[in-house]
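*Asks:* I am attaching a structure below and will ask some questions about it afterwards.
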2 protein chains.
Amino acid sequence: MATPSTADRTAAIPTKLMRVSVELFAEQGYAQTSVQQIVDAAGVTKGAMYHYFRSKDDLLFDIYDRLLSLQREHLDEIVARGESAIGTIRAVCEDVIETSIDGLHDGAVFFRSQHMLSEKRQKEVKRRRREYNDAFEAILARGQRDGVFRSDIPPVILIAHFFSDVHYLAQWYSPGGALTKHQVAAEITDLYLASLQPAHN
Amino acid sequence: MATPSTADRTAAIPTKLMRVSVELFAEQGYAQTSVQQIVDAAGVTKGAMYHYFRSKDDLLFDIYDRLLSLQREHLDEIVARGESAIGTIRAVCEDVIETSIDGLHDGAVFFRSQHMLSEKRQKEVKRRRREYNDAFEAILARGQRDGVFRSDIPPVILIAHFFSDVHYLAQWYSPGGALTKHQVAAEITDLYLASLQPAHN
DNA sequence: ATTGCCATACCAACCAGTCGGAATTTCCGC
DNA sequence: GCGGAAATTCCGACTGGTTGGTATGGCAAT
C-alpha cells in the first residue's frame with residue numbers, strides 16, 4: 001500500500017513536529033513561534049499536536065532532553081575506553097563539537113531558551129548539566145594529578161573555557177562554509193589542549 | 001530643596017526604566033517581561049515609558065547600543081596605545097572580560113535576545129559586531145606577521161575562540177563568588193594567549 | 001461499540017501600544 | 001518678577017489582535 005502503516009503514521013507526526021519546532025525555534029526564537037506556525041509547518045493541526053504533547057513547553061523540553069541524553073551517553077562511552085587524560089579530553093572535546101555541529105539548531109535553541117522552560121524543568125536541565133560538568137572535571141583532575149594539565153588555574157575556569165566554545169558554535173559556524181566540522185573540531189580541540197599545557201620552563 | 005531639579009527628574013525616569021528593564025530582561029527574558037511589569041518596577045506608568053521610548057523594542061536596543069559603543073570605544077583606545085600585538089591582545093582581552101563582568105546583566109540579555117530585535121536593528125547590531133571583529137582580527141594578523149601568534153589555524157576560529165569566553169561569562173560567573181573579576185580576566189587571557197602560541201618545536 | 005487519532009471551531013487571557021487629558025514646567029511680553 | 005499661554009511630562013483606561021489551550025465531534029480500526 002502507498003499509505004504508511006498506522007504505527008508509522010503515529011510515530012511520524014510527533015517526530016515531524018519535533019523536527020519542525022526545533023527549526024522554527026532556532027530561527028525565530030521560542031516565544032516568537034506560535035503553536036499555529038508549528039502545526040502549519042508540520043502539515044497537521046493543533047488537535048494532533050495537543051494529542052501528543054501536553055503543552056508547547058513539552059516541545060521545547062524534548063529538545064533539551066534529547067541533547068542532554070545524547071551528550072551524556074557519548075561522554076560515558078568515551079570515558080569507559082580508559083584512555084589517558086589527554087586522550088580522553090581530546091576525544092570528548094572533538095565529539096562534543098562534532099555532535100553540536102550535527103545539531104546546530106538544537107544547540108542554538110538550547111543556549112537561548114533556557115528561561116522559557118518552567119522553573120521545574122530549568123532545575124532539571126541544570127542538574128543534568130552539572131552532572132556532565134562534574135564528569136568532565138574529574139577527567140581534568142586526573143590530568144592534573146598526572147602532571148599533564150596545568151594546575152595554576154581554578155577548574156571552574158578551565159571548564160568554562162571549554163564549554164564556551166561549544167556554546168558559541170551556533171553563533172558563527174555555518175555548515176555550508178569552507179570549514180568542515182572535523183576541521184573545526186580538531187582545531188578548537190588543539191587550541192584547548194594548548195591552553196591546558198603546564199607552563200613550560 | 002528636597003525635590004530634585006527638573007533636569008534630574010526628566011533624566012531620572014528614562015534611566016530608571018533602562019536599569020529596571022535590563023534586570024528584568026536578564027532574569028526573565030525579553031518576551032516574558034511585559035511593559036506593565038517594567039513600568040511597575042520603575043514606579044511609573046506606561047504613559048511615561050511611551051513618552052521616552054517609542055516601543056519596547058527601543059528599550060532593548062538601547063542596551064545593545066550602550067554595550068556596543070562602550071566596547072568599541074575601549075578597543076580603539078587600547079589599539080591607539082600602539083603596543084605590541086601580544087600586549088594589545090592581552091589588554092583587549094582583559095578589558096573586555098572585566099567590562100563584561102561589570103555589566104553581566106547586559107551581557108546575558110545581549111547574547112540571548114538578538115532575535116527579538118527588529119530585522120533592521122539586528123542588521124545594525126551585526127554590522128557593529130563585525131566591525132569589532134575586524135579590528136580584532138587586524139591585531140591577530142599583525143601578531144602572525146610578527147611570528148608571535150600561530151598561523152596554522154584559520155583566523156575565524158581564533159576569533160571565535162576568544163569571543164566564546166566573553167559570551168559564556170554570564171552563564172557561570174557570579175560576582176559574589178570566590179573569584180574576582182581581575183582574576184578571571186587575567187586567567188582567561190592567559191589561557192587564550194597560551195593557545196595562540198606558535199607550536200614549539 | 002469502544003477506543004485511539006486527529007480536525008475544526010472556539011475561548012479566555014494577555015499584551016503592546018494608543019489616546020485624551022491632567023499636571024507641571026518653560027517661555028516671554030511687559 | 002509676574003501673569004498667562006504654550007509646551008512638556010506623565011497618567012491610566014482602553015483596544016485590536018494574537019496566543020496557548022480546550023471542547024466537540026468525526027473517522028478508522030480493532
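Naming works like this for the C-alpha cells: A, B, ... for the chains as they're shown, residue 1 at the start of each chain, ligands 1 onward in shown order.
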At a cut-off of 9 Å, which residues of chain A touch chain C? Count only C-alpha atoms (C1' of nucleotides) and give the answer as a PyMOL selection string.

*Replies:* chain A and resi 10+44-49+51

*Asks:* Would you save the residues of that selection, restricted to C-alpha atoms, as a PDB file, in the first residue's frame?

*Replies:*
```pdb
ATOM      1  CA  THR A  10       1.545   7.785  14.667  1.00  0.00           C
ATOM      2  CA  VAL A  44      -1.112  18.906  10.842  1.00  0.00           C
ATOM      3  CA  THR A  45      -3.470  20.729  13.173  1.00  0.00           C
ATOM      4  CA  LYS A  46      -3.424  21.707  16.800  1.00  0.00           C
ATOM      5  CA  GLY A  47      -5.563  18.749  17.655  1.00  0.00           C
ATOM      6  CA  ALA A  48      -2.779  16.440  16.567  1.00  0.00           C
ATOM      7  CA  MET A  49      -0.144  18.353  18.432  1.00  0.00           C
ATOM      8  CA  HIS A  51      -2.720  14.864  21.338  1.00  0.00           C
TER       9      HIS A  51
END
```

*Asks:* Using only C-alpha atoms, tabulate the residues of range 143-178 of chain A lying at most 12 Å from any atom of range 72-84 of chain A, each with its closest atom pair and that distance in Å to one decimal, by chain and increasing residue number, as JSON lines.

*Replies:*
```
{"residue": "A:Gly143", "atom": "CA", "partner": "A:Ser84", "partner_atom": "CA", "distance": 8.0}
{"residue": "A:Gln144", "atom": "CA", "partner": "A:Ser84", "partner_atom": "CA", "distance": 11.6}
{"residue": "A:Arg145", "atom": "CA", "partner": "A:Ser84", "partner_atom": "CA", "distance": 11.8}
{"residue": "A:Asp146", "atom": "CA", "partner": "A:Ser84", "partner_atom": "CA", "distance": 9.4}
{"residue": "A:Gly147", "atom": "CA", "partner": "A:Ser84", "partner_atom": "CA", "distance": 11.8}
{"residue": "A:Val148", "atom": "CA", "partner": "A:Ser84", "partner_atom": "CA", "distance": 9.9}
{"residue": "A:Phe149", "atom": "CA", "partner": "A:Ser84", "partner_atom": "CA", "distance": 11.7}
```

*Asks:* So which residues of range 3-197 of chain A fall under helix (DSSP H, G or I) by DSSP, listed as number ranges by chain?

*Replies:* A: 6-28, 35-42, 46-52, 56-80, 85-102, 104-112, 114-116, 119-145, 155-172, 181-196

*Asks:* Would you kindly report the residues of chain D within 10 Å of chain A, using only C-alpha atoms (C1' of nucleotides), as a list in words?

*Replies:*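 My answer is DT18, DT19, DG20, DG21, DT22 and DA29 of chain D.
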
*Asks:* Hey, could you make a per-residue contact list for chain A against chain B with 7 Å as the cut-off, showing the nearest pair of atoms and its distance in Å to one decimal, counting only C-alpha atoms, sorted by chain and number, as a tab-separated table?

*Replies:*
```
residue	atom	partner	partner_atom	distance
A:Gln28	CA	B:His115	CA	6.5
A:Gly29	CA	B:His115	CA	6.8
A:Ala31	CA	B:Ala31	CA	6.3
A:Arg112	CA	B:Arg112	CA	5.2
A:His115	CA	B:Gln28	CA	6.4
A:Ile153	CA	B:Glu187	CA	6.8
A:His161	CA	B:Asp165	CA	6.1
A:Ser164	CA	B:Ser164	CA	5.1
A:Asp165	CA	B:Ser164	CA	5.3
A:Tyr168	CA	B:Ser164	CA	5.2
A:Glu187	CA	B:Ile153	CA	6.8
A:Leu191	CA	B:Ser195	CA	4.8
A:Tyr192	CA	B:Ser195	CA	6.7
A:Ala194	CA	B:Ser195	CA	4.9
A:Ser195	CA	B:Ser195	CA	4.8
```
